[in-house]
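Text of coords_12.cif (mmCIF, C-alpha atoms) as supplied:
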data_work
#
loop_
_atom_site.label_atom_id
_atom_site.label_comp_id
_atom_site.auth_asym_id
_atom_site.auth_seq_id
_atom_site.Cartn_x
_atom_site.Cartn_y
_atom_site.Cartn_z
CA MET N 1268 -44.34 -21.96 -47.57
CA GLY N 1269 -41.19 -20.26 -46.32
CA PRO N 1270 -39.48 -17.92 -45.97
CA LEU N 1271 -42.44 -16.74 -43.93
CA TYR N 1272 -41.36 -13.09 -43.84
CA LYS N 1273 -41.06 -12.92 -47.64
CA PHE N 1274 -44.60 -14.23 -47.97
CA GLY N 1275 -45.94 -11.47 -45.75
CA TRP N 1276 -46.65 -13.42 -42.58
CA PHE N 1277 -45.38 -10.64 -40.32
CA ASP N 1278 -43.86 -7.17 -40.40
CA PHE N 1279 -40.51 -5.56 -39.62
CA ALA N 1280 -41.12 -5.19 -35.87
CA TYR N 1281 -42.02 -8.85 -35.49
CA GLY N 1282 -38.97 -9.73 -37.59
CA LEU N 1283 -36.76 -7.87 -35.11
CA GLN N 1284 -38.22 -9.92 -32.27
CA MET N 1285 -37.44 -13.08 -34.23
CA ALA N 1286 -33.88 -11.74 -34.68
CA GLY N 1287 -33.57 -11.53 -30.89
CA LEU N 1288 -34.73 -15.14 -30.50
CA ILE N 1289 -32.54 -16.49 -33.32
CA GLY N 1290 -29.58 -14.52 -31.96
CA PHE N 1291 -30.15 -15.92 -28.48
CA LEU N 1292 -29.97 -19.48 -29.82
CA PHE N 1293 -26.93 -18.55 -31.93
CA GLY N 1294 -24.99 -17.11 -28.97
CA PHE N 1295 -26.07 -19.97 -26.71
CA VAL N 1296 -24.83 -22.67 -29.09
CA LEU N 1297 -21.51 -20.88 -29.71
CA GLU N 1298 -20.78 -20.51 -26.00
CA ARG N 1299 -21.77 -24.16 -25.32
CA ALA N 1300 -19.24 -25.24 -27.94
CA GLY N 1301 -16.55 -23.26 -26.12
CA PHE N 1302 -16.30 -20.39 -28.57
CA GLY N 1303 -16.12 -17.79 -25.82
CA ASN N 1304 -12.71 -19.23 -24.94
CA VAL N 1305 -9.98 -17.65 -27.03
CA ARG N 1306 -7.44 -20.41 -26.47
CA LYS N 1307 -9.89 -23.05 -27.64
CA LEU N 1308 -10.65 -20.97 -30.75
CA THR N 1309 -7.02 -20.41 -31.71
CA ALA N 1310 -5.99 -24.01 -30.92
CA ILE N 1311 -7.16 -24.91 -34.44
CA PHE N 1312 -4.26 -22.93 -35.92
CA TYR N 1313 -1.75 -24.95 -33.89
CA LEU N 1314 -3.39 -28.30 -34.83
CA ARG N 1315 -4.49 -29.03 -31.25
CA ASP N 1316 -8.28 -28.70 -31.31
CA PHE N 1317 -10.41 -28.49 -34.45
CA ALA N 1318 -13.71 -27.61 -32.75
CA VAL N 1319 -14.02 -24.50 -34.96
CA LEU N 1320 -13.87 -26.55 -38.14
CA LYS N 1321 -16.13 -29.30 -36.79
CA VAL N 1322 -18.86 -26.88 -35.68
CA MET N 1323 -18.62 -24.85 -38.85
CA PHE N 1324 -18.68 -27.75 -41.33
CA THR N 1325 -21.43 -29.58 -39.44
CA ALA N 1326 -23.60 -26.45 -39.37
CA ILE N 1327 -23.04 -25.90 -43.10
CA VAL N 1328 -23.87 -29.51 -44.00
CA VAL N 1329 -26.97 -29.71 -41.79
CA CYS N 1330 -28.33 -26.39 -43.04
CA MET N 1331 -27.51 -27.18 -46.66
CA LEU N 1332 -29.33 -30.51 -46.48
CA GLY N 1333 -32.21 -28.84 -44.65
CA LEU N 1334 -32.60 -26.16 -47.32
CA LEU N 1335 -32.48 -28.66 -50.18
CA TYR N 1336 -34.94 -31.08 -48.56
CA PHE N 1337 -37.28 -28.24 -47.51
CA SER N 1338 -37.22 -27.00 -51.09
CA LEU N 1339 -37.87 -30.52 -52.38
CA PHE N 1340 -40.89 -30.93 -50.10
CA GLY N 1341 -42.17 -27.50 -51.16
CA TRP N 1342 -41.72 -25.97 -47.69
CA ILE N 1343 -39.40 -23.16 -48.75
CA ASP N 1344 -38.94 -21.16 -51.95
CA LEU N 1345 -35.17 -20.90 -52.37
CA GLY N 1346 -35.71 -18.19 -54.98
CA ARG N 1347 -36.78 -15.94 -52.12
CA VAL N 1348 -33.84 -16.71 -49.85
CA TYR N 1349 -31.26 -13.94 -49.98
CA LEU N 1350 -28.24 -15.40 -51.79
CA LEU N 1351 -24.91 -13.73 -51.10
CA PRO N 1352 -23.44 -12.35 -54.33
CA THR N 1353 -19.91 -13.30 -55.35
CA TYR N 1354 -17.27 -10.57 -55.71
CA ILE N 1355 -14.32 -12.86 -55.99
CA TRP N 1356 -11.34 -10.52 -55.41
CA PRO N 1357 -12.53 -8.61 -52.35
CA GLN N 1358 -13.70 -11.92 -50.92
CA ILE N 1359 -10.30 -13.55 -51.32
CA VAL N 1360 -8.42 -10.55 -49.91
CA GLY N 1361 -11.04 -9.99 -47.18
CA GLY N 1362 -10.82 -13.66 -46.21
CA LEU N 1363 -7.03 -13.59 -45.97
CA VAL N 1364 -7.05 -10.41 -43.86
CA LEU N 1365 -9.86 -11.74 -41.66
CA GLY N 1366 -7.80 -14.89 -41.12
CA VAL N 1367 -4.83 -12.79 -39.96
CA GLY N 1368 -7.18 -10.78 -37.73
CA PHE N 1369 -8.53 -14.04 -36.30
CA VAL N 1370 -5.16 -15.46 -35.28
CA MET N 1371 -3.89 -12.06 -34.10
CA GLY N 1372 -6.95 -11.03 -32.10
CA GLY N 1373 -8.10 -14.55 -31.25
CA TYR N 1374 -11.71 -14.06 -32.27
CA CYS N 1375 -13.97 -13.67 -35.23
CA PRO N 1376 -16.77 -11.10 -34.97
CA THR N 1377 -19.46 -13.30 -33.42
CA THR N 1378 -17.22 -15.24 -31.06
CA SER N 1379 -15.95 -11.95 -29.64
CA ILE N 1380 -19.51 -11.29 -28.45
CA ALA N 1381 -19.56 -14.65 -26.62
CA ALA N 1382 -16.18 -13.83 -25.05
CA THR N 1383 -17.18 -10.31 -24.03
CA VAL N 1384 -20.32 -11.42 -22.22
CA SER N 1385 -18.26 -14.12 -20.47
CA GLY N 1386 -16.25 -11.25 -18.96
CA ARG N 1387 -13.18 -11.32 -21.22
CA LEU N 1388 -11.75 -7.82 -21.58
CA ASP N 1389 -9.78 -8.79 -24.70
CA GLY N 1390 -13.09 -9.69 -26.39
CA LEU N 1391 -14.41 -6.19 -25.69
CA ILE N 1392 -11.19 -4.62 -27.01
CA PHE N 1393 -11.55 -6.76 -30.14
CA ILE N 1394 -15.06 -5.35 -30.65
CA VAL N 1395 -13.73 -1.80 -30.25
CA GLY N 1396 -11.10 -2.70 -32.86
CA MET N 1397 -13.78 -3.94 -35.26
CA MET N 1398 -15.65 -0.66 -34.94
CA ILE N 1399 -12.43 1.26 -35.66
CA GLY N 1400 -11.72 -1.04 -38.61
CA SER N 1401 -15.21 -0.44 -40.00
CA ILE N 1402 -14.73 3.34 -39.77
CA ILE N 1403 -11.30 3.13 -41.44
CA PHE N 1404 -12.91 1.14 -44.25
CA ALA N 1405 -15.66 3.73 -44.64
CA GLU N 1406 -13.19 6.64 -44.60
CA ILE N 1407 -11.03 5.20 -47.37
CA PHE N 1408 -14.02 3.71 -49.21
CA PRO N 1409 -13.68 6.12 -52.17
CA LEU N 1410 -10.21 4.67 -52.81
CA LEU N 1411 -11.43 1.10 -52.48
CA GLU N 1412 -14.66 1.44 -54.39
CA LYS N 1413 -13.30 -0.08 -57.57
CA PHE N 1414 -11.69 -3.05 -55.85
CA TYR N 1415 -14.80 -3.53 -53.68
CA SER N 1416 -16.77 -4.40 -56.82
CA ALA N 1417 -13.97 -6.29 -58.59
CA GLY N 1418 -14.71 -9.76 -59.89
CA ASN N 1419 -18.46 -9.37 -59.69
CA MET N 1420 -19.94 -12.72 -60.69
CA GLY N 1421 -23.43 -12.07 -59.39
CA ALA N 1422 -25.35 -14.54 -57.24
CA VAL N 1423 -23.55 -17.68 -58.42
CA ARG N 1424 -23.60 -20.99 -56.61
CA LEU N 1425 -21.18 -23.88 -56.64
CA THR N 1426 -23.66 -25.63 -58.90
CA ASP N 1427 -23.14 -22.95 -61.59
CA VAL N 1428 -19.37 -23.03 -61.33
CA LEU N 1429 -19.05 -26.83 -61.31
CA HIS N 1430 -21.92 -27.38 -63.78
CA LEU N 1431 -23.49 -29.97 -61.51
CA ASN N 1432 -26.97 -30.11 -60.00
CA SER N 1433 -27.56 -29.23 -56.33
CA GLY N 1434 -27.93 -32.89 -55.35
CA VAL N 1435 -24.50 -33.89 -56.65
CA VAL N 1436 -22.88 -30.83 -55.06
CA ALA N 1437 -24.61 -31.67 -51.76
CA LEU N 1438 -23.20 -35.19 -51.90
CA LEU N 1439 -19.71 -33.81 -52.59
CA VAL N 1440 -20.01 -31.38 -49.65
CA CYS N 1441 -21.12 -34.24 -47.34
CA LEU N 1442 -18.18 -36.40 -48.48
CA MET N 1443 -15.77 -33.49 -48.02
CA ALA N 1444 -17.07 -32.79 -44.52
CA VAL N 1445 -16.82 -36.43 -43.42
CA GLY N 1446 -13.34 -36.63 -44.93
CA ALA N 1447 -12.34 -33.46 -43.08
CA TYR N 1448 -13.66 -34.82 -39.74
CA TRP N 1449 -11.69 -38.02 -40.20
CA PHE N 1450 -8.52 -36.12 -41.10
CA VAL N 1451 -8.66 -33.52 -38.32
CA GLU N 1452 -9.32 -36.17 -35.68
CA LYS N 1453 -6.16 -37.94 -36.84
CA VAL N 1454 -4.27 -34.65 -36.50
CA GLU N 1455 -5.83 -33.96 -33.08
CA ASN N 1456 -4.78 -37.38 -31.83
CA ARG N 1457 -1.23 -36.56 -32.85
CA PHE N 1458 -0.91 -32.97 -31.54
CA GLY N 1459 -3.85 -32.33 -29.21
CA HIS N 1460 -4.30 -32.90 -25.50
CA ARG N 1461 -6.63 -35.85 -25.14
CA ASP N 1462 -8.29 -34.72 -21.90
CA SER N 1463 -9.24 -31.25 -23.14
CA LEU N 1464 -11.18 -32.59 -26.14
CA PRO N 1465 -14.80 -33.64 -25.76
CA GLY N 1466 -15.12 -37.34 -26.51
CA GLY N 1467 -18.07 -38.95 -28.25
CA SER N 1468 -18.37 -42.61 -29.14
CA LYS N 1469 -16.82 -43.93 -32.35
CA ARG N 1470 -20.02 -45.82 -33.14
CA ALA N 1471 -22.16 -42.67 -32.97
CA LYS N 1472 -19.72 -40.82 -35.22
CA ARG N 1473 -19.77 -43.62 -37.81
CA ILE N 1474 -23.59 -43.73 -37.82
CA ALA N 1475 -23.83 -39.93 -38.14
CA ALA N 1476 -21.31 -39.90 -41.00
CA GLY N 1477 -23.30 -42.66 -42.72
CA VAL N 1478 -26.55 -40.70 -42.35
CA LEU N 1479 -24.97 -37.56 -43.83
CA ILE N 1480 -23.62 -39.41 -46.84
CA LEU N 1481 -26.91 -41.26 -47.33
CA LEU N 1482 -28.90 -37.98 -47.29
CA GLY N 1483 -26.47 -36.52 -49.80
CA LEU N 1484 -26.65 -39.63 -51.98
CA ILE N 1485 -30.46 -39.52 -52.09
CA LEU N 1486 -30.31 -35.89 -53.28
CA ALA N 1487 -27.67 -36.74 -55.87
CA LEU N 1488 -29.81 -39.57 -57.25
CA ILE N 1489 -33.12 -37.68 -57.48
CA ASN N 1490 -31.75 -34.32 -58.74
CA PRO N 1491 -33.81 -31.85 -56.64
CA ASP N 1492 -33.30 -28.99 -59.15
CA ARG N 1493 -35.28 -30.81 -61.83
CA ILE N 1494 -38.15 -31.65 -59.49
CA VAL N 1495 -38.38 -28.10 -58.07
CA ALA N 1496 -38.24 -26.58 -61.59
CA GLN N 1497 -41.25 -28.66 -62.66
CA ARG N 1498 -43.42 -27.15 -59.94
CA PRO N 1499 -45.89 -24.33 -60.62
CA SER N 1500 -44.15 -21.03 -60.04
CA PRO N 1501 -44.29 -19.74 -56.47
CA GLN N 1502 -45.80 -16.54 -57.84
CA ALA N 1503 -49.09 -18.40 -58.23
CA LEU N 1504 -48.81 -19.58 -54.65
CA ILE N 1505 -48.22 -16.03 -53.40
CA LYS N 1506 -51.49 -14.75 -54.83
CA LYS N 1507 -53.28 -17.57 -53.08
CA LYS N 1508 -51.39 -16.82 -49.89
CA VAL N 1509 -52.35 -13.15 -50.00
CA VAL N 1510 -56.01 -14.08 -50.28
CA ASP N 1511 -55.58 -16.41 -47.33
CA MET N 1512 -53.93 -13.55 -45.46
CA GLN N 1513 -57.10 -11.44 -45.58
CA LYS N 1514 -58.16 -13.23 -42.45
CA PRO N 1515 -55.75 -12.07 -39.73
CA VAL N 1516 -53.74 -14.93 -38.29
CA PRO N 1517 -53.80 -14.89 -34.49
CA GLY N 1518 -50.45 -13.81 -33.11
CA ALA N 1519 -49.17 -12.52 -36.44
CA GLU N 1520 -49.32 -8.82 -37.20
CA LYS N 1521 -50.60 -7.31 -40.40
CA PRO N 1522 -48.04 -7.29 -43.20
CA SER N 1523 -46.83 -3.74 -43.68
CA SER N 1524 -46.11 -2.09 -46.99
CA THR N 1525 -42.98 -0.52 -45.50
CA GLY N 1526 -41.36 -3.87 -44.86
CA PHE N 1527 -37.63 -3.64 -44.48
CA GLU N 1528 -35.29 -4.21 -47.36
CA ILE N 1529 -32.10 -6.14 -47.18
CA VAL N 1530 -29.25 -3.83 -48.11
CA GLU N 1531 -27.28 -5.47 -50.85
CA ASP N 1532 -24.14 -6.21 -48.84
CA GLU N 1533 -25.79 -6.93 -45.53
CA GLY N 1534 -24.14 -10.34 -45.48
CA CYS N 1535 -22.82 -10.13 -41.99
CA MET F 669 -14.48 -22.84 -13.87
CA ASN F 670 -15.99 -25.54 -16.01
CA GLN F 671 -13.73 -26.12 -19.02
CA ARG F 672 -15.65 -29.10 -20.42
CA TYR F 673 -17.50 -27.98 -23.50
CA ALA F 674 -20.25 -29.66 -25.46
CA ASN F 675 -19.58 -32.06 -28.33
CA PRO F 676 -18.65 -29.92 -31.35
CA TYR F 677 -20.52 -32.11 -33.85
CA LEU F 678 -23.70 -31.86 -31.80
CA MET F 679 -23.32 -28.08 -31.43
CA GLY F 680 -22.59 -27.79 -35.14
CA ALA F 681 -25.80 -29.67 -35.96
CA LEU F 682 -27.76 -27.40 -33.59
CA LEU F 683 -26.18 -24.33 -35.17
CA GLY F 684 -27.18 -25.65 -38.59
CA LEU F 685 -30.77 -25.99 -37.39
CA VAL F 686 -30.75 -22.43 -35.99
CA LEU F 687 -29.48 -21.21 -39.36
CA LEU F 688 -32.13 -23.23 -41.20
CA PHE F 689 -34.79 -21.76 -38.89
CA SER F 690 -33.54 -18.26 -39.72
CA PHE F 691 -33.74 -19.01 -43.45
CA TYR F 692 -37.23 -20.45 -43.07
CA ILE F 693 -38.56 -17.55 -41.00
CA MET F 694 -36.78 -14.56 -42.57
CA GLY F 695 -35.20 -15.77 -45.81
CA ARG F 696 -31.74 -14.77 -44.61
CA GLY F 697 -28.99 -16.22 -42.48
CA LEU F 698 -26.98 -15.26 -39.43
CA GLY F 699 -24.34 -12.58 -39.10
CA SER F 700 -22.84 -10.06 -36.75
CA SER F 701 -20.07 -7.87 -38.17
CA ALA F 702 -22.48 -5.40 -39.79
CA SER F 703 -23.94 -4.69 -36.37
CA PHE F 704 -20.54 -3.37 -35.24
CA ALA F 705 -20.27 -1.30 -38.41
CA ARG F 706 -23.74 0.06 -37.62
CA LEU F 707 -22.76 0.78 -34.02
CA ALA F 708 -19.68 2.63 -35.28
CA THR F 709 -21.87 4.52 -37.77
CA ALA F 710 -24.22 5.57 -34.99
CA GLY F 711 -21.19 6.82 -33.04
CA VAL F 712 -19.84 8.85 -35.97
CA ASP F 713 -23.33 10.18 -36.64
CA LEU F 714 -23.56 11.35 -33.03
CA VAL F 715 -20.21 13.17 -33.10
CA ALA F 716 -20.15 14.45 -36.68
CA PRO F 717 -23.53 13.96 -38.37
CA ALA F 718 -22.65 15.93 -41.50
CA HIS F 719 -19.46 13.96 -42.01
CA ALA F 720 -21.26 10.64 -41.53
CA LYS F 721 -23.99 11.50 -44.02
CA ALA F 722 -21.46 12.68 -46.60
CA ASN F 723 -19.53 9.41 -46.47
CA PRO F 724 -20.81 7.08 -49.18
CA TYR F 725 -20.38 3.93 -47.11
CA LEU F 726 -21.70 5.19 -43.75
CA GLY F 727 -24.43 7.08 -45.59
CA LYS F 728 -25.82 3.73 -46.73
CA TYR F 729 -26.51 2.75 -43.11
CA LEU F 730 -28.03 6.17 -42.38
CA SER F 731 -30.44 6.20 -45.30
CA GLY F 732 -33.96 4.93 -44.87
CA GLY F 733 -35.04 7.41 -42.24
CA ARG F 734 -34.48 5.25 -39.21
CA SER F 735 -31.61 4.84 -36.80
CA PRO F 736 -28.74 2.71 -38.17
CA LEU F 737 -29.29 0.50 -35.12
CA MET F 738 -32.86 -0.41 -36.10
CA ALA F 739 -31.58 -3.33 -38.10
CA TRP F 740 -32.13 -7.05 -38.12
CA LEU F 741 -28.49 -7.94 -37.46
CA VAL F 742 -28.19 -5.53 -34.53
CA PHE F 743 -31.06 -7.31 -32.80
CA LEU F 744 -29.51 -10.65 -33.71
CA SER F 745 -26.23 -9.61 -32.06
CA MET F 746 -28.02 -8.42 -28.94
CA GLY F 747 -29.75 -11.79 -28.77
CA ALA F 748 -26.39 -13.53 -29.25
CA ALA F 749 -24.96 -11.55 -26.32
CA LEU F 750 -27.84 -12.67 -24.08
CA GLY F 751 -27.64 -16.29 -25.28
CA GLY F 752 -23.87 -16.39 -24.76
CA LEU F 753 -24.21 -14.87 -21.31
CA PHE F 754 -26.92 -17.37 -20.35
CA SER F 755 -24.79 -20.31 -21.48
CA ALA F 756 -21.65 -19.03 -19.74
CA PHE F 757 -23.63 -18.29 -16.59
CA ILE F 758 -25.24 -21.73 -16.23
CA SER F 759 -21.83 -23.39 -16.66
CA ASN F 760 -20.16 -21.01 -14.24
CA ARG F 761 -17.82 -19.66 -16.92
CA VAL F 762 -18.40 -15.92 -16.40
CA LYS F 763 -15.10 -14.52 -15.19
CA GLY F 764 -13.52 -11.11 -15.56
CA GLU F 765 -10.06 -11.60 -17.06
CA VAL F 766 -7.86 -11.01 -20.08
CA ALA F 767 -7.77 -14.36 -21.86
CA ARG F 768 -4.29 -15.17 -23.21
CA GLY F 769 -1.60 -17.80 -23.47
CA PRO F 770 0.86 -18.35 -20.60
CA SER F 771 3.78 -16.53 -22.23
CA ILE F 772 2.29 -13.13 -23.07
CA GLY F 773 1.56 -10.11 -20.87
CA VAL F 774 -1.78 -8.39 -20.42
CA SER F 775 -0.96 -5.19 -22.28
CA ALA F 776 0.62 -6.98 -25.27
CA ARG F 777 -2.44 -9.21 -25.49
CA LEU F 778 -4.82 -6.24 -25.44
CA TRP F 779 -2.88 -4.42 -28.17
CA LEU F 780 -2.97 -7.54 -30.34
CA ALA F 781 -6.72 -7.91 -29.66
CA LEU F 782 -7.18 -4.33 -30.82
CA GLY F 783 -5.07 -4.89 -33.93
CA GLY F 784 -6.86 -8.13 -34.75
CA GLY F 785 -10.19 -6.39 -34.28
CA ILE F 786 -9.22 -3.57 -36.63
CA LEU F 787 -8.11 -6.04 -39.32
CA SER F 788 -11.26 -8.13 -38.88
CA GLY F 789 -13.61 -5.14 -38.94
CA PHE F 790 -11.95 -3.84 -42.10
CA ALA F 791 -11.87 -7.26 -43.79
CA ALA F 792 -15.49 -8.04 -42.98
CA ARG F 793 -16.61 -4.82 -44.69
CA LEU F 794 -14.41 -5.55 -47.70
CA ALA F 795 -15.71 -9.10 -48.08
CA ARG F 796 -19.33 -8.14 -47.30
CA GLY F 797 -19.49 -10.36 -44.25
CA CYS F 798 -17.58 -12.34 -41.66
CA THR F 799 -17.25 -15.93 -40.58
CA SER F 800 -20.95 -16.24 -39.83
CA GLY F 801 -22.60 -13.86 -42.28
CA GLN F 802 -20.47 -14.70 -45.26
CA ALA F 803 -18.77 -18.07 -44.69
CA LEU F 804 -21.37 -19.99 -42.68
CA THR F 805 -24.54 -18.53 -44.19
CA GLY F 806 -23.28 -18.39 -47.75
CA ALA F 807 -21.62 -21.81 -47.74
CA SER F 808 -24.83 -23.52 -46.65
CA GLU F 809 -26.59 -21.89 -49.62
CA LEU F 810 -23.69 -23.14 -51.78
CA ALA F 811 -22.77 -19.55 -52.70
CA PHE F 812 -19.51 -19.75 -54.64
CA GLY F 813 -17.84 -16.65 -53.17
CA SER F 814 -18.60 -17.75 -49.62
CA TRP F 815 -16.72 -21.01 -50.07
CA ILE F 816 -13.74 -19.16 -51.53
CA PHE F 817 -13.95 -16.68 -48.62
CA MET F 818 -14.02 -19.48 -46.03
CA PHE F 819 -10.92 -21.18 -47.42
CA SER F 820 -9.21 -17.77 -47.63
CA ILE F 821 -9.79 -17.26 -43.89
CA PHE F 822 -8.11 -20.56 -43.10
CA ALA F 823 -5.29 -19.77 -45.52
CA GLY F 824 -4.66 -16.34 -43.99
CA ALA F 825 -4.73 -17.67 -40.44
CA TYR F 826 -2.55 -20.73 -41.03
CA ALA F 827 -0.03 -18.70 -43.02
CA THR F 828 0.52 -16.27 -40.14
CA ALA F 829 -0.16 -18.50 -37.09
CA TYR F 830 3.57 -19.08 -36.61
CA PHE F 831 4.17 -15.38 -35.87
CA PHE F 832 1.52 -15.28 -33.13
CA ARG F 833 2.42 -18.57 -31.43
CA LYS F 834 3.79 -16.80 -28.32
CA GLU F 835 0.38 -15.21 -27.83
CA TRP F 836 -1.42 -18.55 -27.48
CA LEU F 837 0.88 -21.48 -26.71
#
Translate the structure of the given file into structure tokens.
Amino acid sequence: MGPLYKFGWFDFAYGLQMAGLIGFLFGFVLERAGFGNVRKLTAIFYLRDFAVLKVMFTAIVVCMLGLLYFSLFGWIDLGRVYLLPTYIWPQIVGGLVLGVGFVMGGYCPTTSIAATVSGRLDGLIFIVGMMIGSIIFAEIFPLLEKFYSAGNMGAVRLTDVLHLNSGVVALLVCLMAVGAYWFVEKVENRFGHRDSLPGGSKRAKRIAAGVLILLGLILALINPDRIVAQRPSPQALIKKKVVDMQKPVPGAEKPSSTGFEIVEDEGC
Amino acid sequence: MNQRYANPYLMGALLGLVLLFSFYIMGRGLGSSASFARLATAGVDLVAPAHAKANPYLGKYLSGGRSPLMAWLVFLSMGAALGGLFSAFISNRVKGEVARGPSIGVSARLWLALGGGILSGFAARLARGCTSGQALTGASELAFGSWIFMFSIFAGAYATAYFFRKEWL
């Protein structure tokens, strides 16, 4: 059962190696999508190319469905996945400022890495700027401390706010994503340059949209929260796992007692 | 230079699977902005160690008895740099230049990149994450604040895009 690290399958050092691998795939996919190209990134703000939104929403929907189905099949314990806490005011203000930084500098933090390694000097300057911005934040942190913790709602999910179960929320997210794809493609056709946009057959898009909505609908109908709640607590499973772990697994290192801790606001 | 990029829906689905893999293996998602904050912390620690340790925010990265760079996200960012380089290299897209729109000069573009970077670095610390660590990772977990954050990014960018149009168009 996942997350493997939380169940003591490997230690900090092995986790860092996994970070390198996951990061490699992350950077590779971003560059493939064209996110090392600043003009492609910013084209979304001038209604010409919505690749940023398409990649982002698709990744969110695929991962969301994956997490919910994995949890349903008993492959992952969502209670052990680090859930980002909600501090509503700093998140709203931070989001607005990050948006201005995005359209001014042309990148967001991760895409600036893709640009820098592609040889773009402006990407490197953006990174230097981010380091300066981080230091400025730290230097005036005593002044901001109160606002930084304003609107603390704890680890709340959309399900808590909307009072709906995860399955219904998943269906709503799928419908919103498909609606957004349909809308932005209309806008692209109006303002974008046809030849600079990657194509893709209409038929494939319709089938994919249908599959997304179907997967969401299944979750909405079976209510995964209820099924997962009826399971024996994962605590019981852990004890069993630890006994199993007495025999060293080939390739995996011994779990260490000094495993690393996730700092509370290590979101990004 | 090859300007044809991969299908965004396909890349989005792949990115979602990478994120799911990260959740399954480590119980946490992707991210990058904290690695720049950590790099900056390491720099401050090198120049003025007493000052860095006294600062409540930087001190957080320095606690724990190991280098601020011995962190999961720092290794993730290094991997992302290699992965991005590999992808750009195989498509012949590695090129030394200052990327900008046709109606802006090099030095103006670099100053704006610096300004945008400063705003982004500051905002990412304030919001406890950036587009990947907060918006992407949190939204897929259905975290409420992450969805609000994501729509705030779009709102901030669309509201000010008009003023930066000469930089890109």
### Message
List the spatial neighbours of Met818 of chain F as a VMD selection string - criterion: any atom at most 12 Å away, only C-alpha atoms, same-chain residues fewer than 2 positions off excluded.
### Response
(chain N and resid 1320 1323 to 1324 1327 1355 1358 to 1366) or (chain F and resid 792 795 797 to 808 810 to 816 820 to 825)
Draw an axis-aligned box over all listed atoms of segment 1480-1486 of chain N, pad each side with 8 Å, and write its centre and edge lengths in Å, one decimal, as AutoDock Vina command-line options.
--center_x -27.0 --center_y -38.6 --center_z -50.1 --size_x 22.8 --size_y 21.4 --size_z 22.4
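All residues of protein, DNA or RNA that reach within 8 Å of Leu1388 of chain N, judged by only C-alpha atoms and not counting those fewer than 6 positions away in the chain, are F:Gly764, F:Glu765, F:Val766, F:Ala767.
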### Query
For Arg672 of chain F, which residue among N:Leu1429, N:Ala1300, N:Ile1399, N:Leu1351 is the nearest when counting only C-alpha atoms?
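Closest to Arg672 of chain F, using only C-alpha atoms: N:Ala1300.
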### Protein, DNA and RNA residues within 12 Å of (-29.2, 4.7, -41.8), all atoms listed in the file, as a count of residues only
29
### Query
For chain N, which of F:Arg833, F:Ala718, F:Gly785, F:Ile758 is the closest residue, counting all atoms listed in the file?
F:Gly785
### Task
Rounded to one decimal place, report the atom CA of Ala748 of chain F-atom CA of Phe1293 of chain N distance in Å.
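Going from atom CA of Ala748 of chain F over to atom CA of Phe1293 of chain N, I get 5.7 Å.
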### Spatial neighbours of Tyr826 of chain F, max dist 9 Å, all atoms listed in the file, sep filter under 6 positions, as a VMD selection string
chain N and resid 1312 to 1313 1366 to 1367 1370
Expected file contents, prior selection, C-alpha atoms, as a compact mmCIF listing (two decimals), in the frame of the given file:
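Generated file (again-v5.txt):
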# COMPACT_ATOMS: atom_id res chain seq x y z
CA PHE N 1312 -4.26 -22.93 -35.92
CA TYR N 1313 -1.75 -24.95 -33.89
CA GLY N 1366 -7.80 -14.89 -41.12
CA VAL N 1367 -4.83 -12.79 -39.96
CA VAL N 1370 -5.16 -15.46 -35.28
As an mmCIF file with C-alpha atoms, in the coordinates of the input, please: the residues near Phe790 of chain F (cut-off 7 Å, all atoms listed in the file, same-chain neighbours under 6 positions excluded).
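Wrote around.cif, looks like this:
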data_model
loop_
_atom_site.group_PDB
_atom_site.id
_atom_site.type_symbol
_atom_site.label_atom_id
_atom_site.label_comp_id
_atom_site.auth_asym_id
_atom_site.auth_seq_id
_atom_site.Cartn_x
_atom_site.Cartn_y
_atom_site.Cartn_z
ATOM 1 C CA GLY N 1400 -11.720 -1.040 -38.610
ATOM 2 C CA SER N 1401 -15.210 -0.440 -40.000
ATOM 3 C CA PHE N 1404 -12.910 1.140 -44.250
#
### Query
How many Å lie between atom CA of Leu1486 of chain N and atom CA of Arg1498 of chain N, rounded to one decimal?
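Here the two named atoms are 17.1 Å from each other.
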### Task
Show which residues sit within 12 Å of Pro1270 of chain N, as a list in words. Count only C-alpha atoms, and ignore same-chain residues fewer than 6 positions away.
Trp1276, Phe1277, Gly1282, Leu1334, Phe1337, Ser1338, Gly1341, Trp1342, Ile1343, Asp1344, Leu1345, Gly1346, Arg1347, Val1348, Tyr1349, Pro1501 and Ile1505 of chain N; Leu688, Phe689, Ser690, Phe691, Tyr692, Ile693, Met694, Gly695, Arg696 and Gly697 of chain F
### Message
When you count all atoms listed in the file, which of these residues is closest to chain F: N:Gly1303, N:Arg1424, N:Leu1411, N:Val1435?
### Response
N:Arg1424
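For the pair atom CA of Tyr1415 of chain N and atom CA of Ala791 of chain F, the interatomic distance is 11.0 Å.
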### Query
Closest to Gly699 of chain F among N:Pro1376, N:Pro1409, N:Gly1269, N:Gly1368, using all atoms listed in the file?
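The closest residue to Gly699 of chain F is N:Pro1376.
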Sorted by chain and rising residue number, list the residues of segment 1312-1398 of chain N at most 7 Å from segment 1451-1455 of chain N (counting all atoms listed in the file), each with its closest atom pair and distance in Å to one decimal, as a tab-separated table.
residue	atom	partner	partner_atom	distance
N:Leu1314	CA	N:Glu1455	CA	6.4
N:Arg1315	CA	N:Glu1455	CA	5.4
N:Asp1316	CA	N:Glu1455	CA	6.1
N:Phe1317	CA	N:Val1451	CA	6.6
### Message
I need the residue nearest Ala1476 of chain N from this list: N:Leu1464, N:Val1445, N:Leu1283, N:Leu1350. Use all atoms listed in the file for the distance.
### Response
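Ranked by minimum distance to Ala1476 of chain N, first place goes to N:Val1445.
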